[in-house]
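Taking it in order: structure first as structure tokens, then the write-up.
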Amino acid sequence: MPFKRLSTKLAVMYGGLFSLALLLIACACYVAVISYARASVQQELQANAQVFKRIWTLNSESLQTNAALLSRDFGFRQALATHDMATVDSAFSNLRSRLKAQTGLILGADGTPMIGDLGSFGQAAAQSLRGDDSLTPLSGIVSVDGHPFQAVAAPVMAPDRLGWVVFGTRLDAAEMRNMQTLSALPIQAAVLTQTRGGLWQGPAEQTRDFKTDSLSFFIDQSLLTRSASMVDSSRGSLIAVATPLPALDGQQKSVLLLTYPLNQALKTYRTLLTVLLGIGVLGLGFVVVASLYLSRSLVRPILALKDAAFTLKEGRSSQVEVKSDDEMADLARAFNAMAISIEDRERDITRLAKTDTATDLPNRSAFEDYVSALRERAHEDMVVIAIGIERFAHIRAVWGVSYAHTLVSRLQSVLTGIFERAYVARLSHDTLGLTLNGCAAEQALPLARAILARLSKRIKVTDDQSLDVGVTLGVYHIGAAHPTADEMIERALIALDQAHAAKTSIVVFDARIYSELADNLLLTDQLYAALQQKQMQVYYQPKFSYREGRIASAEALVRWQHPERGFVSPQRFVRIAEETGCIRDLTLQVLKTCLHDQKRLLDQGIELDISINYSGRLLSDEQFNAQTLALCDQAVGRICLEITETAVIEDPAIGLAAINTFVSHGIEISIDDFGTGLSSLAYLKQIPAHELKIDRSFIMEIESGQRDALLVRSTIEMAHGLGMKVTAEGVETGTAFTLLQAMGCDIAQGYGIARPMAFDLLVPFLEDFARKDEPVAGVSLPPKLAQTRKAAG
Amino acid sequence: MKTVLVRLGLVLPCLFAGLPACAATLDVSVTDAAGRPVPSAVVTFAPVSGGAAQGRGGSYVMAQKDIKFVPYVLAVPVGATVDFPNQDRVNHHVYSFSPVQRFQFPLYGPGKKRSLRFDHPGTVALACNIHDSMSAYIRIVDQPYFATTDDKGRASLDLPADAGTLAVWQPQLDAPDHSVSRKFTMSAGAAQQTFSVRLRAEALPSGGAY
């Protein structure tokens, strides 16, 4: 049976069990009492039967004695012998009235009724005594038409038998009642005689309650067993016993049947049963109450443990009160110990999970919790600042790991020293996180500056060592928005990354840029699709050769006009292409297009060198290099690969070998964006480049900055010294064009010459340019330049 | 059914020289069904030739002794006188309601004697009015030959060689008039007769049934 509650289960089981036991005991008591009652009534009845029999015998003997008295009276005998019937009759009547005998008669020597009751009793008695040789008085039952009589017969001897003196008493209801009064019990008596068929019959008023068959069967049984037993009657069950009675003729069987209603027999025990029942009910009540109390008291500590366990499960501390000294108490104590150790362990785990073990500072997880809690607590403006420690790897390498950790700890204490309310955690090995609430949007930047100012000072790391530390800050201010703690920290970190990328000290998170970053994923997918669908277009930006005075070459630039986005910045998608590996497909597509276009130009009689941007990353890919080489070998004109430096050449050995191979196949190599990025003199030394392209940032400033001009000039001279021609990028003004020419620059490229254009526009442009501006040696300025500038504006 | 064997033993020579014919002694034995001897049985023989009972000359005595009649059965010929001497220490009141001869001797004391002559054959049942346990029978016979069985159930008769009826009477004998009889011819070879008789339930008197 499924129980929801243990106490109910216990109560039901205990109560049920005890009740069952009680019930069984009650049943046993009932059965015992009833059977005892029956047994005792049976015994009583048997005893009564003996008494009755004895009384019967006494009665008989008394009658016999009287009858014998008469039979021996000399005068009576003389009268009978001399047939003096008048005397006999009077003597007989005298005795009969004295004995109060109901009926009686005198039988003659031949056994015929002579005096007295000559009716049916007399006939029956004469019949009974016929042929009887007895010389002694007889007694017994005589059945007259089914009605039993108690009869005595005394022979009249003188000394031969002259006849019989017979007296009889009808055993009717009144007589039976007389007998019944002799017993203390309300016993009913009846005398039955057996018929020839074997059935037992008695006066109707004494036997009407019984079924003849069952009564006869019972009497036969009772005579056999000689004990009282049960018999059914219309008055209900009776306890009865049958005692054989003598018959006057010694043949007719008669019994004295004593009955006693079972109900009445049990009446005296009913009180006892009622008392027992009362005790049983009281006991049952007590058992139920006790079971409830027992189960409650048993279950109470279990419930307490259960509650405590649930509390513990919910992560709250939980202890159980120990009240007793039993197993439950042991369990409770064990639970308490367990709860404490769980709490301890949880604290340890939490501490480990929330702590940077090296510095004991809170870690990112703890920082998240704090930020989250802070945001929950007060919905006011707050700021999260990610502080990146510059050159941390370097510091660690130089000063050792523990020193580096100590530095982080010091920075933390410095920060908390400045801002008491600030919470500082270590977000990663070289990044600290700081959060402060109640900081308005316009205060965020000053706050960051203050941090920067303080941390940029010399930091005392150990007692005898101090260090100049550079930090970069990513600031995220939270106003009305509801980002999660994780997002807040991530945004501060993004801002930090942006600051790194921008090489500035502080960047405040810009949601717009952030969304652009988020857009990169989508853009990556679209880029793949675009490459598949060949959506990329190649534009050509003409390059003006000072020496030849004409457009001798052009740089192929990839353009992407997305159907939905519109124009996508090459800077952006090329970077994505490089990061995702799409750069291979992109470069190949551009290369193939260029080769195709170059051929078309040649078909029109135009010779044009084409420069193609080639990522430094690709140089490490031998397979791709081979592919490039195979394509370039088919070129109808000169192909120049501009090695961009957006990424480091991963494997310089392979890269340089590739470059050498390219060169040996007549492919020109150009160093792009020189002056920025990772270019170095060693780079220049190693790469057998034909061309050096000075970055536009230098060219733009050439007019105003003396230093830039000097740098450009020196670079041009150095390049020439190394046997390279020089291309200036970003030539936009006539002044710059002229200056560069003066400096000995070989080629100019930029809006001042021409914007990048589609192939369809390139041919007209080239023809136009050639027609109007015949290449003139020593021309200081192409007259076209002003025109193109106007067009560009 | 009880049978009595009566064995008749023929004893020679005749005991009584006065008898006209040559006489011999017949032993009669009376037993009950179980073979027990039946005492106090009166055996009579009535020859075809007739002849009255003859008194033996001596007196017949029915004494009262120790609250008993002695003997229990007394056979006497018709016309015999029987003495009833009181040899007891108490009084007796002897009576009989038998139709053969009704009489009573009101109480008479020890040492006293009454006498009565019985003139008709039959049975007279004797009793004492004050002692119910006392009973006795006087069998008055008109046959010439009679004897009473002793405790061994034997009786001896000196009979002439003649045909006749041999009868046995006993108070408890279960037969009409308590008597059985058979035709019998006395001869030299028939020395013994046996009667096997049936007795009534109350059996043999042993000091009186009443």
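Residues in the structure tokens are named by chain (A, B, ... in the order shown) and by number from 1 within that chain; ligands are numbered from 1 in the order shown.
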(request) Compile the contact shell of Asn263 in chain A as a PyMOL selection string: residues with an atom at most 10 Å away, counting only C-alpha atoms, same-chain residues fewer than 3 positions apart removed. (result) chain A and resi 235-239+260+266-270
Using only N, CA and C atoms, please write the residues we just selected to a file, as a compact mmCIF listing (two decimals), in the first residue's frame.
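New file selection-v1.txt:
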```txt
# COMPACT_ATOMS: atom_id res chain seq x y z
N ARG A 235 -36.97 -23.21 18.50
CA ARG A 235 -36.63 -22.19 19.51
C ARG A 235 -35.14 -21.84 19.45
N GLY A 236 -34.51 -22.27 18.38
CA GLY A 236 -33.08 -22.02 18.26
C GLY A 236 -32.31 -23.24 18.72
N SER A 237 -31.01 -23.05 18.82
CA SER A 237 -30.18 -24.19 19.21
C SER A 237 -30.42 -24.53 20.67
N LEU A 238 -30.47 -25.81 20.93
CA LEU A 238 -30.66 -26.28 22.29
C LEU A 238 -29.51 -27.18 22.66
N ILE A 239 -29.20 -27.17 23.93
CA ILE A 239 -28.31 -28.20 24.43
C ILE A 239 -29.21 -29.28 25.02
N TYR A 260 -32.15 -27.48 26.94
CA TYR A 260 -31.82 -26.21 27.58
C TYR A 260 -31.45 -25.27 26.45
N LEU A 266 -26.20 -19.28 27.53
CA LEU A 266 -25.12 -18.32 27.36
C LEU A 266 -25.42 -16.98 27.99
N LYS A 267 -26.66 -16.85 28.46
CA LYS A 267 -27.08 -15.54 28.98
C LYS A 267 -26.17 -15.09 30.11
N THR A 268 -25.85 -16.04 30.97
CA THR A 268 -25.02 -15.68 32.12
C THR A 268 -23.63 -15.26 31.68
N TYR A 269 -23.23 -15.76 30.51
CA TYR A 269 -21.88 -15.42 30.03
C TYR A 269 -21.88 -14.14 29.20
N ARG A 270 -23.12 -13.68 28.90
CA ARG A 270 -23.21 -12.50 28.04
C ARG A 270 -22.59 -11.30 28.73
```
(request) Write down, as a ChimeraX atom specification, each residue of chain A that has any atom within 8 Å of an atom of chain B, counting only C-alpha atoms. (result) /A:72,74,78,81-82,133-135,157-160
(request) Please measure the separation of CA of Pro160 in chain B and CA of Thr148 in chain B, giving the value in Å to one decimal. (result) 18.4 Å
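Each of B:Phe45, B:Ala34, B:Ile67, B:Gly111 was compared to Val180 in chain B using only C-alpha atoms, and B:Phe45 turns out to be the nearest.
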Any idea what's packed within 9 Å of range 195-206 of chain A, counting only C-alpha atoms, ignoring anything in its chain fewer than 2 positions away? Could you give it as a compact mmCIF listing (two decimals) with N, CA, C and O atoms, in the first residue's frame?
```txt
# COMPACT_ATOMS: atom_id res chain seq x y z
N GLY A 146 -49.00 -43.08 22.16
CA GLY A 146 -47.96 -42.05 22.04
C GLY A 146 -47.77 -41.24 23.29
O GLY A 146 -46.86 -40.43 23.37
N HIS A 147 -48.61 -41.40 24.26
CA HIS A 147 -48.44 -40.66 25.52
C HIS A 147 -47.77 -41.55 26.54
O HIS A 147 -48.27 -42.61 26.85
N PRO A 148 -46.64 -41.12 27.05
CA PRO A 148 -45.92 -41.96 27.99
C PRO A 148 -46.53 -41.87 29.39
O PRO A 148 -47.00 -40.82 29.81
N LEU A 171 -47.24 -38.82 31.99
CA LEU A 171 -46.14 -37.87 31.94
C LEU A 171 -46.51 -36.73 31.01
O LEU A 171 -45.99 -36.58 29.92
N ASP A 172 -47.43 -35.92 31.47
CA ASP A 172 -47.87 -34.80 30.65
C ASP A 172 -47.05 -33.56 30.99
O ASP A 172 -46.09 -33.61 31.75
N ALA A 173 -47.45 -32.47 30.37
CA ALA A 173 -46.68 -31.23 30.53
C ALA A 173 -46.57 -30.83 31.99
O ALA A 173 -45.51 -30.40 32.46
N GLN A 188 -36.00 -28.02 30.14
CA GLN A 188 -37.26 -28.56 29.71
C GLN A 188 -37.10 -30.06 29.57
O GLN A 188 -36.13 -30.54 29.01
N ALA A 189 -38.06 -30.77 30.10
CA ALA A 189 -37.97 -32.22 30.07
C ALA A 189 -39.08 -32.76 29.20
O ALA A 189 -40.15 -32.17 29.09
N ALA A 190 -38.77 -33.86 28.56
CA ALA A 190 -39.79 -34.54 27.76
C ALA A 190 -39.45 -36.02 27.77
O ALA A 190 -38.29 -36.39 27.84
N VAL A 191 -40.49 -36.84 27.73
CA VAL A 191 -40.24 -38.27 27.65
C VAL A 191 -40.71 -38.72 26.28
O VAL A 191 -41.80 -38.39 25.84
N LEU A 192 -39.82 -39.43 25.59
CA LEU A 192 -40.15 -39.89 24.25
C LEU A 192 -40.02 -41.39 24.19
O LEU A 192 -39.18 -41.98 24.89
N THR A 193 -40.82 -41.95 23.37
CA THR A 193 -40.73 -43.40 23.18
C THR A 193 -40.48 -43.68 21.72
O THR A 193 -40.78 -42.86 20.85
N ARG A 208 -43.11 -30.53 19.75
CA ARG A 208 -43.49 -29.82 18.53
C ARG A 208 -42.38 -28.89 18.03
O ARG A 208 -42.39 -28.47 16.89
N ASP A 209 -41.44 -28.57 18.92
CA ASP A 209 -40.38 -27.66 18.50
C ASP A 209 -39.33 -28.34 17.64
O ASP A 209 -38.46 -27.69 17.09
N PHE A 210 -39.41 -29.63 17.57
CA PHE A 210 -38.32 -30.37 16.88
C PHE A 210 -38.82 -30.95 15.58
O PHE A 210 -40.00 -31.25 15.41
N THR A 212 -38.91 -34.25 13.57
CA THR A 212 -38.88 -35.64 14.03
C THR A 212 -37.58 -36.34 13.63
O THR A 212 -36.96 -37.01 14.44
N ASP A 213 -37.18 -36.11 12.36
CA ASP A 213 -35.98 -36.81 11.86
C ASP A 213 -34.75 -36.43 12.66
O ASP A 213 -34.03 -37.29 13.18
N LEU A 215 -34.52 -34.94 15.47
CA LEU A 215 -34.62 -35.26 16.89
C LEU A 215 -34.29 -36.74 17.11
O LEU A 215 -33.53 -37.09 18.02
N SER A 216 -34.84 -37.58 16.25
CA SER A 216 -34.60 -39.01 16.42
C SER A 216 -33.12 -39.31 16.26
O SER A 216 -32.53 -40.07 17.02
N PHE A 217 -32.52 -38.67 15.23
CA PHE A 217 -31.09 -38.87 15.00
C PHE A 217 -30.29 -38.43 16.22
O PHE A 217 -29.39 -39.12 16.70
N ILE A 219 -31.29 -38.23 19.31
CA ILE A 219 -31.48 -39.11 20.48
C ILE A 219 -30.65 -40.37 20.33
O ILE A 219 -29.98 -40.80 21.28
N GLN A 252 -39.97 -51.77 25.08
CA GLN A 252 -40.25 -50.44 24.56
C GLN A 252 -39.18 -49.48 25.05
O GLN A 252 -38.90 -49.37 26.23
N LYS A 253 -38.53 -48.80 24.06
CA LYS A 253 -37.45 -47.89 24.46
C LYS A 253 -38.01 -46.51 24.72
O LYS A 253 -38.81 -45.99 23.95
N SER A 254 -37.55 -45.95 25.82
CA SER A 254 -37.99 -44.60 26.18
C SER A 254 -36.79 -43.80 26.63
O SER A 254 -35.81 -44.35 27.12
N VAL A 255 -36.90 -42.53 26.42
CA VAL A 255 -35.83 -41.65 26.89
C VAL A 255 -36.42 -40.45 27.59
O VAL A 255 -37.52 -40.01 27.28
```
(message) Can you pull out the residues contacting range 195-198 of chain B? Cut-off 12 Å, using only C-alpha atoms, and skip same-chain residues under 6 positions away; I want them as a count of residues only.
(response) 45
(request) Excluding range 249-251 of chain A and residues on its chain fewer than 3 positions from it, collect all residues at most 12 Å away from it, counting only C-alpha atoms, and give them as a PyMOL selection string. (result) chain A and resi 124-134+138-143+150-153+193-196+244-246+254
(message) Show me, as a PyMOL selection string, the residues that have an atom within 9 Å of Gly79 in chain B when counting only C-alpha atoms, minus same-chain residues fewer than 4 positions from it.
(response) chain B and resi 55+117-121+140
(request) Can you pull out every residue within 9 Å of range 363-367 of chain A, counting only C-alpha atoms, but drop anything in the same chain fewer than 6 positions away, and send it as number ranges by chain? (result) A: 353-357, 423-428, 432-435, 485-486, 489
(request) Once DSSP has gone over the backbone, tell me which residues of range 44-110 of chain B are in strand (DSSP E), as a PyMOL selection string. (result) chain B and resi 44-47+60-61+63-64+69-70+73-77+80-85+92-96+103-108
(request) Output as a ChimeraX atom specification all residues of range 420-641 of chain A that backbone DSSP marks as helix (DSSP H, G or I). (result) /A:441-455,485-502,511-532,570-580,583-603,616-620,622-632
(message) My list of candidates is B:Lys65, B:Lys183, B:Lys152, B:His92. Which is closest to Arg114 in chain B when distances are computed with only C-alpha atoms?
(response)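 When distances to Arg114 in chain B are compared using only C-alpha atoms, the smallest one comes from B:His92.
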(request) Record the distance separating CA of Gln42 in chain A and CA of Ser229 in chain A, expressed in Å with one decimal. (result)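 Value for the CA of Gln42 in chain A-CA of Ser229 in chain A distance: 6.8 Å.
Across the model, the gap from CA of Gln498 in chain A to CA of Asn437 in chain A is 23.4 Å.
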